[in-house]
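Report on the following structure.
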Number of protein chains: 2
Amino acid sequence: MYGYVGTMRTTAGNRDKVVSILLSGVEGLRAAGCHLYLVSVSGTDPDLIHVTEAWDSKEHHDNSLKLPGTRAAIATAMPLLTGEFTSQELTVVGGLGLSS
Amino acid sequence: MYGYVGTMRTTAGNRDKVVSILLSGVEGLRAAGCHLYLVSVSGTDPDLIHVTEAWDSKEHHDNSLKLPGTRAAIATAMPLLTGEFTSQELTVVGGLGLSS
């Protein structure tokens with residue numbers, strides 16, 4: 001299974017607004033091959049958002065970025081972000097709690 | 001919900017052995033307040049293991065480290081690790097795919 005972990009930095013004070021945008025369309029991702037889409041925040045960095053994802057494959061993840069709902073969410077969030085991103089592609093080999 | 005993301009580096013060639021150790025007792029963590037325990041590997045770094053966890057609370061996570069099964073797994077894995085760890089504590093604010 002394809003895993004993706006990343007962070008995005010928001011402009012000051014806009015973290016919670018971006019979190020809401022990220023979570024707004026998340027149920028729709030299930031049909032697109034998404035098994036996990038977790039949004040987390042840090043206690044030490046008030047403008048940083050962590051996203052952890054698991055997908056059937058990299059192709060499923062990449063295709064999801066073209067979905068109308070995803071594109072709309074990205075367009076809404078973009079002005080609230082500084083442009084500082086990190087990302088890492090992983091292979092999820094197993095564990096507890098992942099819906100199949 | 002408490003989130004924990006971390007990496008550990010294994011000595012050369014021992015990644016898959018440590019992955020097996022990490023996954024061996026994972027079902028038992030559910031009763032200890034664990035909602036997610038994902039083990040992932042990197043395509044670009046052959047000796048690195050990523051762990052992503054979600055727990056009812058930090059206390060649940062900390063207490064799990066004292067469980068006999070967890071202590072045994074740590075003791076077995078330790079000689080196969082270089083000692084290079086990273087870790088980050090997060091607050092999981094929502095998303096898709098997390099068992100409640």
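The chains in the structure tokens are called A, B, ... from first to last as shown; in each chain the residues are counted from 1, and the ligands are counted from 1 in the order shown.
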Show me, as a short mmCIF file (atom, residue, chain, number, x, y, z; two decimals) with C-alpha atoms, in the first residue's frame, the residues of chain A whose atoms get within 12 Å of chain B, using only C-alpha atoms for the distance check.
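Okay, iface27.cif is ready:
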```
data_model
loop_
_atom_site.label_atom_id
_atom_site.label_comp_id
_atom_site.auth_asym_id
_atom_site.auth_seq_id
_atom_site.Cartn_x
_atom_site.Cartn_y
_atom_site.Cartn_z
CA MET A 1 0.00 0.00 0.00
CA TYR A 2 1.19 3.49 -0.86
CA GLY A 3 1.89 5.86 2.01
CA TYR A 4 2.36 9.60 1.93
CA VAL A 5 3.40 11.82 4.81
CA GLY A 6 3.75 15.54 4.46
CA THR A 7 3.56 18.89 6.16
CA ARG A 15 -3.96 26.75 10.66
CA ASP A 16 -7.42 25.82 11.90
CA VAL A 18 -6.85 25.09 6.58
CA VAL A 19 -7.50 22.04 8.80
CA SER A 20 -11.24 22.54 8.21
CA ILE A 21 -10.71 22.77 4.46
CA LEU A 22 -8.61 19.59 4.45
CA LEU A 23 -11.23 17.69 6.44
CA SER A 24 -14.24 19.01 4.53
CA GLY A 25 -14.18 16.60 1.59
CA VAL A 26 -12.35 13.72 3.14
CA GLU A 27 -15.18 11.18 3.09
CA GLY A 28 -15.24 11.34 -0.69
CA LEU A 29 -11.66 10.08 -0.89
CA ARG A 30 -12.63 6.59 0.20
CA ALA A 31 -14.15 5.83 -3.20
CA GLY A 33 -8.82 4.36 -3.15
CA CYS A 34 -7.90 6.15 0.07
CA HIS A 35 -7.66 4.08 3.26
CA LEU A 36 -6.27 6.71 5.58
CA TYR A 37 -6.19 10.49 5.53
CA LEU A 38 -5.18 11.88 8.89
CA VAL A 39 -4.77 15.54 9.68
CA SER A 40 -2.64 16.39 12.71
CA VAL A 41 -1.24 19.49 14.32
CA SER A 42 1.83 20.09 16.40
CA GLY A 43 1.94 21.35 19.98
CA THR A 44 5.23 23.12 19.35
CA ASP A 45 4.71 24.70 15.92
CA PRO A 46 1.41 26.62 15.73
CA LEU A 48 2.27 23.52 10.82
CA ILE A 49 -0.15 20.84 9.61
CA HIS A 50 0.80 17.18 9.19
CA VAL A 51 -1.01 14.92 6.75
CA THR A 52 -0.65 11.12 6.77
CA GLU A 53 -2.22 9.15 3.96
CA ALA A 54 -2.52 5.55 2.79
CA TRP A 55 -3.79 4.68 -0.70
CA GLN A 88 7.73 11.70 1.68
CA GLU A 89 6.52 8.66 -0.21
CA LEU A 90 6.47 5.36 1.67
CA THR A 91 5.33 1.80 1.34
CA VAL A 92 2.99 0.79 4.15
CA VAL A 93 3.92 -2.77 5.02
CA GLY A 94 1.38 -3.47 7.75
CA GLY A 95 0.04 -2.61 11.11
CA LEU A 96 -3.03 -2.07 13.16
CA GLY A 97 -6.09 0.03 12.43
CA LEU A 98 -5.97 0.42 8.69
CA SER A 99 -9.30 -0.13 6.96
CA SER A 100 -8.94 -2.54 4.08
#
```
All strand (DSSP E) residues (DSSP, backbone) inside chain B, as a ChimeraX atom specification = /B:2-10,34-42,48-55,81-96
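Residues in contact range of A:Thr82, defined as at most 9 Å between only C-alpha atoms, with sequence neighbours fewer than 2 positions away removed, read Met8, Arg9, Thr10, Thr11, Met78, Pro79, Leu80, Glu84 and Phe85 of chain A.
The space separating atom CA of A:Leu65 from atom CA of A:Ala77 comes to 13.7 Å.
Interatomic distance, atom CA of B:Lys58 against atom CA of B:Ala75: 22.0 Å.
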